file my_file.cif (mmCIF, C-alpha atoms)
data_protein
#
loop_
_atom_site.group_PDB
_atom_site.id
_atom_site.type_symbol
_atom_site.label_atom_id
_atom_site.label_comp_id
_atom_site.auth_asym_id
_atom_site.auth_seq_id
_atom_site.Cartn_x
_atom_site.Cartn_y
_atom_site.Cartn_z
ATOM 1 C CA MET A 1 -20.085 8.032 3.376
ATOM 2 C CA ILE A 2 -16.444 7.363 2.503
ATOM 3 C CA ARG A 3 -14.286 8.651 5.348
ATOM 4 C CA LEU A 4 -11.015 10.286 4.269
ATOM 5 C CA LEU A 5 -7.737 11.197 5.953
ATOM 6 C CA LEU A 6 -5.754 13.858 4.102
ATOM 7 C CA ALA A 7 -1.964 14.216 4.607
ATOM 8 C CA GLU A 8 -0.431 17.254 2.875
ATOM 9 C CA ASP A 9 2.202 19.597 4.318
ATOM 10 C CA GLN A 10 1.047 22.721 2.445
ATOM 11 C CA ALA A 11 -1.856 24.092 4.466
ATOM 12 C CA MET A 12 -3.489 25.950 1.554
ATOM 13 C CA MET A 13 -3.399 22.878 -0.701
ATOM 14 C CA ARG A 14 -4.697 20.684 2.133
ATOM 15 C CA GLY A 15 -7.584 23.056 2.870
ATOM 16 C CA ALA A 16 -8.521 23.423 -0.801
ATOM 17 C CA LEU A 17 -8.512 19.657 -1.316
ATOM 18 C CA ALA A 18 -10.662 19.138 1.758
ATOM 19 C CA VAL A 19 -13.218 21.679 0.514
ATOM 20 C CA LEU A 20 -13.325 20.228 -3.020
ATOM 21 C CA LEU A 21 -13.644 16.636 -1.812
ATOM 22 C CA GLY A 22 -16.313 17.703 0.698
ATOM 23 C CA LEU A 23 -18.486 18.841 -2.219
ATOM 24 C CA GLU A 24 -18.857 15.206 -3.306
ATOM 25 C CA GLU A 25 -22.014 13.698 -1.770
ATOM 26 C CA ASP A 26 -20.378 10.457 -0.672
ATOM 27 C CA LEU A 27 -17.004 11.784 0.575
ATOM 28 C CA GLU A 28 -16.182 13.196 4.003
ATOM 29 C CA VAL A 29 -12.756 14.414 5.166
ATOM 30 C CA VAL A 30 -12.609 13.259 8.793
ATOM 31 C CA ALA A 31 -8.961 14.220 9.466
ATOM 32 C CA GLN A 32 -6.257 16.470 8.030
ATOM 33 C CA VAL A 33 -2.566 16.253 8.982
ATOM 34 C CA GLY A 34 0.491 18.200 7.868
ATOM 35 C CA THR A 35 3.292 15.781 8.811
ATOM 36 C CA GLY A 36 4.120 12.160 8.096
ATOM 37 C CA THR A 37 4.465 11.309 11.783
ATOM 38 C CA GLU A 38 0.808 12.235 12.426
ATOM 39 C CA ILE A 39 -0.620 9.878 9.799
ATOM 40 C CA VAL A 40 -0.691 6.517 11.588
ATOM 41 C CA PRO A 41 -1.757 7.756 15.073
ATOM 42 C CA THR A 42 -4.520 9.882 13.517
ATOM 43 C CA ALA A 43 -5.676 7.017 11.280
ATOM 44 C CA LEU A 44 -5.816 4.639 14.253
ATOM 45 C CA GLU A 45 -7.943 7.206 16.078
ATOM 46 C CA VAL A 46 -10.429 8.177 13.332
ATOM 47 C CA ARG A 47 -10.385 4.936 11.260
ATOM 48 C CA PRO A 48 -10.668 6.398 7.737
ATOM 49 C CA ASP A 49 -11.707 4.262 4.762
ATOM 50 C CA VAL A 50 -9.102 5.901 2.514
ATOM 51 C CA ALA A 51 -5.905 7.833 3.321
ATOM 52 C CA LEU A 52 -4.701 10.378 0.744
ATOM 53 C CA LEU A 53 -0.972 10.822 1.277
ATOM 54 C CA ASP A 54 1.606 13.168 -0.189
ATOM 55 C CA ILE A 55 5.108 11.655 -0.518
ATOM 56 C CA GLU A 56 7.333 14.472 0.706
ATOM 57 C CA LEU A 57 6.184 15.201 4.258
ATOM 58 C CA PRO A 58 7.977 16.431 7.392
ATOM 59 C CA GLY A 59 8.813 13.616 9.807
ATOM 60 C CA ILE A 60 8.411 10.444 7.784
ATOM 61 C CA SER A 61 7.562 10.185 4.091
ATOM 62 C CA GLY A 62 4.123 9.264 2.793
ATOM 63 C CA LEU A 63 5.640 6.015 1.503
ATOM 64 C CA GLU A 64 6.900 5.046 4.971
ATOM 65 C CA ALA A 65 3.516 5.966 6.450
ATOM 66 C CA ALA A 66 1.766 3.851 3.779
ATOM 67 C CA ARG A 67 3.894 0.874 4.847
ATOM 68 C CA GLU A 68 2.960 1.403 8.506
ATOM 69 C CA LEU A 69 -0.727 1.889 7.669
ATOM 70 C CA SER A 70 -0.787 -1.370 5.692
ATOM 71 C CA ALA A 71 0.580 -3.185 8.740
ATOM 72 C CA GLN A 72 -1.443 -1.469 11.481
ATOM 73 C CA LEU A 73 -4.711 -0.606 9.725
ATOM 74 C CA PRO A 74 -4.984 -2.901 6.675
ATOM 75 C CA GLU A 75 -8.639 -2.019 6.066
ATOM 76 C CA CYS A 76 -7.624 1.590 5.277
ATOM 77 C CA ARG A 77 -6.864 1.985 1.560
ATOM 78 C CA VAL A 78 -3.949 4.230 0.617
ATOM 79 C CA LEU A 79 -3.894 6.606 -2.348
ATOM 80 C CA ILE A 80 -0.687 8.558 -3.018
ATOM 81 C CA LEU A 81 -1.363 12.052 -4.337
ATOM 82 C CA THR A 82 1.786 13.932 -5.241
ATOM 83 C CA THR A 83 3.672 16.366 -7.440
ATOM 84 C CA PHE A 84 6.551 13.862 -7.474
ATOM 85 C CA SER A 85 5.322 11.742 -10.369
ATOM 86 C CA ARG A 86 8.470 9.688 -10.853
ATOM 87 C CA PRO A 87 8.324 6.049 -11.994
ATOM 88 C CA GLY A 88 10.496 4.841 -9.097
ATOM 89 C CA TYR A 89 8.027 6.284 -6.609
ATOM 90 C CA VAL A 90 5.153 4.347 -8.178
ATOM 91 C CA ARG A 91 6.949 1.046 -7.603
ATOM 92 C CA GLU A 92 7.834 2.054 -4.030
ATOM 93 C CA ALA A 93 4.235 3.104 -3.338
ATOM 94 C CA MET A 94 2.792 -0.159 -4.618
ATOM 95 C CA ALA A 95 5.364 -2.145 -2.624
ATOM 96 C CA ALA A 96 4.330 -0.137 0.458
ATOM 97 C CA GLY A 97 0.709 -1.207 0.010
ATOM 98 C CA ALA A 98 -0.775 1.812 -1.795
ATOM 99 C CA LEU A 99 -3.582 1.023 -4.251
ATOM 100 C CA GLY A 100 -3.444 4.303 -6.112
ATOM 101 C CA PHE A 101 -0.939 6.885 -7.329
ATOM 102 C CA LEU A 102 -2.104 10.162 -8.871
ATOM 103 C CA ALA A 103 -0.450 13.456 -9.767
ATOM 104 C CA LYS A 104 -1.837 16.513 -7.929
ATOM 105 C CA ASP A 105 -2.450 18.446 -11.132
ATOM 106 C CA GLY A 106 -5.341 16.201 -12.252
ATOM 107 C CA PRO A 107 -9.036 17.183 -12.054
ATOM 108 C CA VAL A 108 -10.801 16.687 -8.712
ATOM 109 C CA GLU A 109 -13.411 14.477 -10.448
ATOM 110 C CA ASP A 110 -10.629 11.990 -11.292
ATOM 111 C CA LEU A 111 -9.477 12.031 -7.669
ATOM 112 C CA ALA A 112 -13.005 11.423 -6.363
ATOM 113 C CA ASP A 113 -13.404 8.535 -8.818
ATOM 114 C CA ALA A 114 -10.007 7.108 -7.783
ATOM 115 C CA ILE A 115 -11.031 7.213 -4.100
ATOM 116 C CA ARG A 116 -14.174 5.191 -4.842
ATOM 117 C CA ARG A 117 -12.201 2.709 -6.936
ATOM 118 C CA VAL A 118 -9.430 2.072 -4.377
ATOM 119 C CA LEU A 119 -12.113 1.552 -1.737
ATOM 120 C CA ARG A 120 -13.451 -1.272 -3.943
ATOM 121 C CA GLY A 121 -9.942 -2.746 -3.976
ATOM 122 C CA GLU A 122 -9.008 -1.596 -7.485
ATOM 123 C CA THR A 123 -5.550 -0.281 -8.377
ATOM 124 C CA VAL A 124 -5.610 3.240 -9.813
ATOM 125 C CA LEU A 125 -2.597 4.711 -11.599
ATOM 126 C CA ASP A 126 -2.235 7.952 -13.497
ATOM 127 C CA PRO A 127 -2.113 6.657 -17.133
ATOM 128 C CA GLY A 128 0.983 8.645 -18.114
ATOM 129 C CA LEU A 129 2.773 7.496 -14.988
ATOM 130 C CA ALA A 130 1.793 3.881 -15.546
ATOM 131 C CA ALA A 131 3.390 3.963 -19.014
ATOM 132 C CA ALA A 132 6.533 5.678 -17.683
ATOM 133 C CA THR A 133 6.809 3.117 -14.885
ATOM 134 C CA LEU A 134 6.683 0.229 -17.334
ATOM 135 C CA ARG A 135 9.444 1.844 -19.413
ATOM 136 C CA ALA A 136 11.642 2.835 -16.451
ATOM 137 C CA ALA A 137 14.436 0.699 -15.121
ATOM 138 C CA PRO A 138 13.839 -0.877 -11.710
ATOM 139 C CA ASN A 139 15.745 0.483 -8.709
ATOM 140 C CA PRO A 140 19.304 -0.898 -8.978
ATOM 141 C CA LEU A 141 20.330 0.173 -5.454
ATOM 142 C CA THR A 142 20.330 -2.069 -2.379
ATOM 143 C CA SER A 143 18.595 -0.776 0.757
ATOM 144 C CA ARG A 144 22.000 -0.022 2.382
ATOM 145 C CA GLU A 145 23.200 1.865 -0.706
ATOM 146 C CA ARG A 146 19.989 3.913 -0.576
ATOM 147 C CA ASP A 147 20.519 4.640 3.142
ATOM 148 C CA VAL A 148 24.089 5.824 2.582
ATOM 149 C CA LEU A 149 23.170 7.966 -0.445
ATOM 150 C CA ALA A 150 20.234 9.542 1.388
ATOM 151 C CA ALA A 151 22.500 10.325 4.336
ATOM 152 C CA SER A 152 24.987 11.995 1.986
ATOM 153 C CA GLU A 153 22.423 14.376 0.457
ATOM 154 C CA ASP A 154 22.983 17.073 3.075
ATOM 155 C CA GLY A 155 26.722 17.180 2.304
ATOM 156 C CA SER A 156 27.743 15.021 5.277
ATOM 157 C CA SER A 157 31.273 13.638 5.296
ATOM 158 C CA ILE A 158 31.967 9.899 5.116
ATOM 159 C CA ALA A 159 32.840 9.949 8.833
ATOM 160 C CA ASP A 160 29.502 11.646 9.674
ATOM 161 C CA ILE A 161 27.544 9.146 7.573
ATOM 162 C CA ALA A 162 29.404 6.228 9.166
ATOM 163 C CA GLN A 163 28.615 7.505 12.659
ATOM 164 C CA ARG A 164 24.951 8.171 11.847
ATOM 165 C CA LEU A 165 24.366 4.739 10.265
ATOM 166 C CA PHE A 166 26.590 2.788 12.701
ATOM 167 C CA LEU A 167 28.913 1.652 9.901
ATOM 168 C CA SER A 168 32.676 1.848 9.447
ATOM 169 C CA PRO A 169 33.992 4.581 7.115
ATOM 170 C CA SER A 170 35.374 1.939 4.733
ATOM 171 C CA THR A 171 31.934 0.267 4.512
ATOM 172 C CA VAL A 172 30.345 3.649 3.735
ATOM 173 C CA ARG A 173 32.981 4.208 1.007
ATOM 174 C CA ASN A 174 32.198 0.790 -0.484
ATOM 175 C CA TYR A 175 28.430 1.476 -0.547
ATOM 176 C CA LEU A 176 28.972 4.929 -2.081
ATOM 177 C CA SER A 177 31.340 3.520 -4.685
ATOM 178 C CA ALA A 178 28.790 0.847 -5.646
ATOM 179 C CA ALA A 179 25.984 3.451 -5.836
ATOM 180 C CA ILE A 180 28.120 5.785 -7.997
ATOM 181 C CA GLY A 181 28.837 2.896 -10.357
ATOM 182 C CA LYS A 182 25.204 1.808 -10.576
ATOM 183 C CA THR A 183 23.951 5.343 -11.243
ATOM 184 C CA GLY A 184 26.676 6.034 -13.829
ATOM 185 C CA THR A 185 27.748 9.223 -12.052
ATOM 186 C CA ARG A 186 31.082 10.687 -10.950
ATOM 187 C CA ASN A 187 30.598 11.352 -7.240
ATOM 188 C CA LYS A 188 28.233 10.894 -4.297
ATOM 189 C CA THR A 189 26.451 14.224 -4.902
ATOM 190 C CA GLU A 190 25.600 13.317 -8.508
ATOM 191 C CA ALA A 191 24.654 9.778 -7.462
ATOM 192 C CA ALA A 192 22.242 11.073 -4.814
ATOM 193 C CA LEU A 193 20.712 13.557 -7.291
ATOM 194 C CA THR A 194 20.220 10.855 -9.930
ATOM 195 C CA ALA A 195 18.754 8.429 -7.415
ATOM 196 C CA ARG A 196 16.384 11.086 -6.032
ATOM 197 C CA ARG A 197 15.304 12.109 -9.547
ATOM 198 C CA ASN A 198 14.447 8.499 -10.389
ATOM 199 C CA GLY A 199 12.500 7.975 -7.182
ATOM 200 C CA TRP A 200 15.017 5.434 -5.866
ATOM 201 C CA LEU A 201 15.423 7.188 -2.495
ATOM 202 C CA ALA A 202 12.014 6.978 -0.842
#

call {"tool": "encode", "arguments": {"input": "my_file.cif", "output": "structure tokens"}}
result
Amino acid sequence: MIRLLLAEDQAMMRGALAVLLGLEEDLEVVAQVGTGTEIVPTALEVRPDVALLDIELPGISGLEAARELSAQLPECRVLILTTFSRPGYVREAMAAGALGFLAKDGPVEDLADAIRRVLRGETVLDPGLAAATLRAAPNPLTSRERDVLAASEDGSSIADIAQRLFLSPSTVRNYLSAAIGKTGTRNKTEAALTARRNGWLA
């Protein structure tokens, strides 16, 4: 049996996935979690063969959890299953150690097949996403520019961002200015939106 951990914040979607995957003779869902912070502790406890992770989760993102899982439980394969099928996310997921990236709207048979394939060590990518990823520009933002843009998404002032990230206001301004230039936008709000849309803020 292939033991699965399922991380999805929408309870109905999580339950439906668990039922559908449980119909496969060789798959067993051994744990279900609704937040990103539960993923690693639960995985260390139940030792799944494959973790199916959504990206947008309360607590920490599925991408951050994938990174932690790769470090703490390398034998557990990670498959990202999400509605956020943006090329930038695919690169981030692969860099975080995920072996697969599928959109949620695909047939359950494809998902079951992908689980078996990642367990064998194969890389599985949604074909449309793979093509889009190859065509898309790589993330132009530095990690600090991403941090500052992400912190600005809730409308925080430069002073608030500086305090939260332990930076000076002038440093925050410099990072925002660089990010606005790189995204070809007019202000920090547009820059954050563009970066989020391209999957550059994981």

call {"tool": "atom_distance", "arguments": {"input": "my_file.cif", "atom1": "CA of Asp126 in chain A", "atom2": "CA of Ala43 in chain A"}}
result
25.0 Å

call {"tool": "residues_around", "arguments": {"input": "my_file.cif", "residues": "Cys76 in chain A", "least_positions_apart": "5", "cutoff": "7 Å", "atoms": "only C-alpha atoms", "output": "list in words"}}
result
Pro48, Asp49, Val50 and Ala51 of chain A

call {"tool": "atom_distance", "arguments": {"input": "my_file.cif", "atom1": "CA of Ile2 in chain A", "atom2": "CA of Ala31 in chain A"}}
result
12.3 Å

call {"tool": "closest_residue", "arguments": {"input": "my_file.cif", "among": "A:Asn187, A:Phe166, A:Leu125, A:Arg14", "to": "Asp110 in chain A", "atoms": "only C-alpha atoms"}}
result
A:Leu125

call {"tool": "atom_distance", "arguments": {"input": "my_file.cif", "atom1": "CA of Arg117 in chain A", "atom2": "CA of Glu92 in chain A"}}
result
20.3 Å

call {"tool": "closest_residue", "arguments": {"input": "my_file.cif", "among": "A:Val148, A:Ala103, A:Ala192, A:Leu52", "to": "Val118 in chain A", "atoms": "all atoms listed in the file"}}
result
A:Leu52

call {"tool": "closest_residue", "arguments": {"input": "my_file.cif", "among": "A:Ser156, A:Ile80, A:Arg144, A:Asn198", "to": "Ala179 in chain A", "atoms": "only C-alpha atoms"}}
result
A:Arg144

call {"tool": "closest_atom_pairs", "arguments": {"input": "my_file.cif", "of": "range 109-153 of chain A", "to": "range 98-102 of chain A", "cutoff": "10 Å", "atoms": "only C-alpha atoms", "output": "tab-separated table"}}
result
residue	atom	partner	partner_atom	distance
A:Asp110	CA	A:Leu102	CA	9.0
A:Leu111	CA	A:Leu102	CA	7.7
A:Ala114	CA	A:Gly100	CA	7.3
A:Ile115	CA	A:Gly100	CA	8.4
A:Arg117	CA	A:Gly100	CA	8.9
A:Val118	CA	A:Leu99	CA	5.9
A:Leu119	CA	A:Leu99	CA	8.9
A:Gly121	CA	A:Leu99	CA	7.4
A:Glu122	CA	A:Leu99	CA	6.8
A:Thr123	CA	A:Leu99	CA	4.8
A:Val124	CA	A:Gly100	CA	4.4
A:Leu125	CA	A:Phe101	CA	5.1
A:Asp126	CA	A:Leu102	CA	5.1
A:Pro127	CA	A:Leu102	CA	9.0
A:Gly128	CA	A:Leu102	CA	9.9
A:Leu129	CA	A:Leu102	CA	8.3
A:Ala130	CA	A:Phe101	CA	9.2

call {"tool": "write_last_selection", "arguments": {"input": "my_file.cif", "atoms": "C-alpha atoms", "output": "short mmCIF file (atom, residue, chain, number, x, y, z; two decimals), in the frame of the given file"}}
result
data_model
loop_
_atom_site.label_atom_id
_atom_site.label_comp_id
_atom_site.auth_asym_id
_atom_site.auth_seq_id
_atom_site.Cartn_x
_atom_site.Cartn_y
_atom_site.Cartn_z
CA ASP A 110 -10.63 11.99 -11.29
CA LEU A 111 -9.48 12.03 -7.67
CA ALA A 114 -10.01 7.11 -7.78
CA ILE A 115 -11.03 7.21 -4.10
CA ARG A 117 -12.20 2.71 -6.94
CA VAL A 118 -9.43 2.07 -4.38
CA LEU A 119 -12.11 1.55 -1.74
CA GLY A 121 -9.94 -2.75 -3.98
CA GLU A 122 -9.01 -1.60 -7.48
CA THR A 123 -5.55 -0.28 -8.38
CA VAL A 124 -5.61 3.24 -9.81
CA LEU A 125 -2.60 4.71 -11.60
CA ASP A 126 -2.24 7.95 -13.50
CA PRO A 127 -2.11 6.66 -17.13
CA GLY A 128 0.98 8.64 -18.11
CA LEU A 129 2.77 7.50 -14.99
CA ALA A 130 1.79 3.88 -15.55
#

call {"tool": "resolve_selection", "arguments": {"input": "my_file.cif", "expression": "the PyMOL selection byres ((chain A and resi 26) around 9)", "output": "compact mmCIF listing (two decimals) with C-alpha atoms, in the coordinates of the input"}}
result
# COMPACT_ATOMS: atom_id res chain seq x y z
CA MET A 1 -20.08 8.03 3.38
CA ILE A 2 -16.44 7.36 2.50
CA ARG A 3 -14.29 8.65 5.35
CA GLY A 22 -16.31 17.70 0.70
CA LEU A 23 -18.49 18.84 -2.22
CA GLU A 24 -18.86 15.21 -3.31
CA GLU A 25 -22.01 13.70 -1.77
CA LEU A 27 -17.00 11.78 0.57
CA GLU A 28 -16.18 13.20 4.00

call {"tool": "resolve_selection", "arguments": {"input": "my_file.cif", "expression": "the PyMOL selection byres ((chain A and resi 161) around 10)", "output": "PyMOL selection string"}}
result
chain A and resi 147-152+155-160+162-169+172-173

call {"tool": "resolve_selection", "arguments": {"input": "my_file.cif", "expression": "the PyMOL selection byres ((chain A and resi 193) around 12)", "output": "PyMOL selection string"}}
result
chain A and resi 146+149-150+152-155+179-180+183-192+194-201

call {"tool": "closest_residue", "arguments": {"input": "my_file.cif", "among": "A:Met12, A:Pro140, A:Pro107, A:Leu6", "to": "Leu79 in chain A", "atoms": "all atoms listed in the file"}}
result
A:Leu6

call {"tool": "residues_around", "arguments": {"input": "my_file.cif", "residues": "Gly59 in chain A", "least_positions_apart": "5", "cutoff": "7 Å", "atoms": "all atoms listed in the file", "output": "PyMOL selection string"}}
result
chain A and resi 35-37

call {"tool": "closest_residue", "arguments": {"input": "my_file.cif", "among": "A:Leu5, A:Leu21, A:Ser143, A:Met13", "to": "Asp105 in chain A", "atoms": "only C-alpha atoms"}}
result
A:Met13

call {"tool": "closest_residue", "arguments": {"input": "my_file.cif", "among": "A:Thr142, A:Ala112, A:Glu8, A:Ser170", "to": "Ile55 in chain A", "atoms": "only C-alpha atoms"}}
result
A:Glu8

call {"tool": "residues_around", "arguments": {"input": "my_file.cif", "residues": "Ala95 in chain A", "least_positions_apart": "2", "cutoff": "12 Å", "atoms": "all atoms listed in the file", "output": "list in words"}}
result
Leu63, Glu64, Ala66, Arg67, Glu68, Ser70, Val78, Gly88, Tyr89, Val90, Arg91, Glu92, Ala93, Gly97, Ala98, Leu99, Gly100, Phe101 and Ala202 of chain A

call {"tool": "build_atoms", "arguments": {"input": "my_file.cif", "residues": "range 180-191 of chain A", "atoms": "all heavy atoms", "output": "CSV table (one decimal), in the frame of the given file"}}
result
chain,number,residue,atom,x,y,z
A,180,ILE,N,27.6,4.9,-6.9
A,180,ILE,CA,28.1,5.8,-8.0
A,180,ILE,C,28.2,5.0,-9.3
A,180,ILE,O,27.8,5.4,-10.4
A,180,ILE,CB,29.5,6.4,-7.6
A,180,ILE,CG1,29.2,7.5,-6.5
A,180,ILE,CG2,30.2,7.1,-8.8
A,180,ILE,CD1,30.5,7.9,-5.7
A,181,GLY,N,28.7,3.8,-9.2
A,181,GLY,CA,28.8,2.9,-10.4
A,181,GLY,C,27.5,2.6,-11.0
A,181,GLY,O,27.3,2.6,-12.2
A,182,LYS,N,26.5,2.2,-10.1
A,182,LYS,CA,25.2,1.8,-10.6
A,182,LYS,C,24.4,3.0,-11.2
A,182,LYS,O,23.6,2.8,-12.1
A,182,LYS,CB,24.4,1.2,-9.4
A,182,LYS,CG,24.9,-0.2,-9.0
A,182,LYS,CD,24.1,-0.7,-7.8
A,182,LYS,CE,24.5,-2.1,-7.4
A,182,LYS,NZ,23.8,-2.5,-6.2
A,183,THR,N,24.7,4.2,-10.7
A,183,THR,CA,24.0,5.3,-11.2
A,183,THR,C,24.7,6.0,-12.4
A,183,THR,O,24.2,6.9,-13.0
A,183,THR,CB,23.7,6.4,-10.1
A,183,THR,OG1,25.0,6.7,-9.5
A,183,THR,CG2,22.8,5.9,-9.1
A,184,GLY,N,25.9,5.5,-12.7
A,184,GLY,CA,26.7,6.0,-13.8
A,184,GLY,C,27.1,7.5,-13.6
A,184,GLY,O,27.2,8.3,-14.6
A,185,THR,N,27.4,7.8,-12.4
A,185,THR,CA,27.7,9.2,-12.1
A,185,THR,C,29.2,9.3,-11.6
A,185,THR,O,29.9,8.3,-11.5
A,185,THR,CB,26.8,9.8,-11.0
A,185,THR,OG1,26.8,8.9,-9.8
A,185,THR,CG2,25.4,9.9,-11.5
A,186,ARG,N,29.7,10.5,-11.3
A,186,ARG,CA,31.1,10.7,-11.0
A,186,ARG,C,31.4,10.8,-9.5
A,186,ARG,O,32.5,10.7,-9.0
A,186,ARG,CB,31.6,11.9,-11.7
A,186,ARG,CG,31.6,11.8,-13.2
A,186,ARG,CD,32.0,13.1,-13.9
A,186,ARG,NE,30.9,14.1,-13.6
A,186,ARG,CZ,30.9,15.4,-14.0
A,186,ARG,NH1,31.9,15.8,-14.8
A,186,ARG,NH2,30.0,16.2,-13.7
A,187,ASN,N,30.4,11.2,-8.7
A,187,ASN,CA,30.6,11.4,-7.2
A,187,ASN,C,29.3,11.1,-6.5
A,187,ASN,O,28.2,11.0,-7.1
A,187,ASN,CB,31.2,12.7,-7.0
A,187,ASN,CG,30.3,13.9,-7.5
A,187,ASN,OD1,29.1,13.9,-7.3
A,187,ASN,ND2,30.9,14.8,-8.3
A,188,LYS,N,29.4,11.2,-5.1
A,188,LYS,CA,28.2,10.9,-4.3
A,188,LYS,C,27.1,11.9,-4.5
A,188,LYS,O,25.9,11.6,-4.4
A,188,LYS,CB,28.6,10.7,-2.8
A,188,LYS,CG,29.1,12.0,-2.2
A,188,LYS,CD,29.5,11.8,-0.7
A,188,LYS,CE,30.0,13.1,-0.1
A,188,LYS,NZ,30.2,13.1,1.3
A,189,THR,N,27.5,13.2,-4.7
A,189,THR,CA,26.5,14.2,-4.9
A,189,THR,C,25.6,13.9,-6.2
A,189,THR,O,24.4,14.0,-6.1
A,189,THR,CB,27.1,15.6,-5.0
A,189,THR,OG1,27.9,15.8,-3.9
A,189,THR,CG2,26.1,16.7,-5.1
A,190,GLU,N,26.3,13.6,-7.3
A,190,GLU,CA,25.6,13.3,-8.5
A,190,GLU,C,24.8,12.0,-8.3
A,190,GLU,O,23.7,11.9,-8.9
A,190,GLU,CB,26.6,13.1,-9.7
A,190,GLU,CG,27.2,14.5,-10.2
A,190,GLU,CD,28.1,14.2,-11.4
A,190,GLU,OE1,28.1,13.1,-11.9
A,190,GLU,OE2,28.8,15.2,-11.7
A,191,ALA,N,25.4,11.1,-7.7
A,191,ALA,CA,24.7,9.8,-7.5
A,191,ALA,C,23.4,10.0,-6.7
A,191,ALA,O,22.3,9.4,-7.0
A,191,ALA,CB,25.6,8.8,-6.7
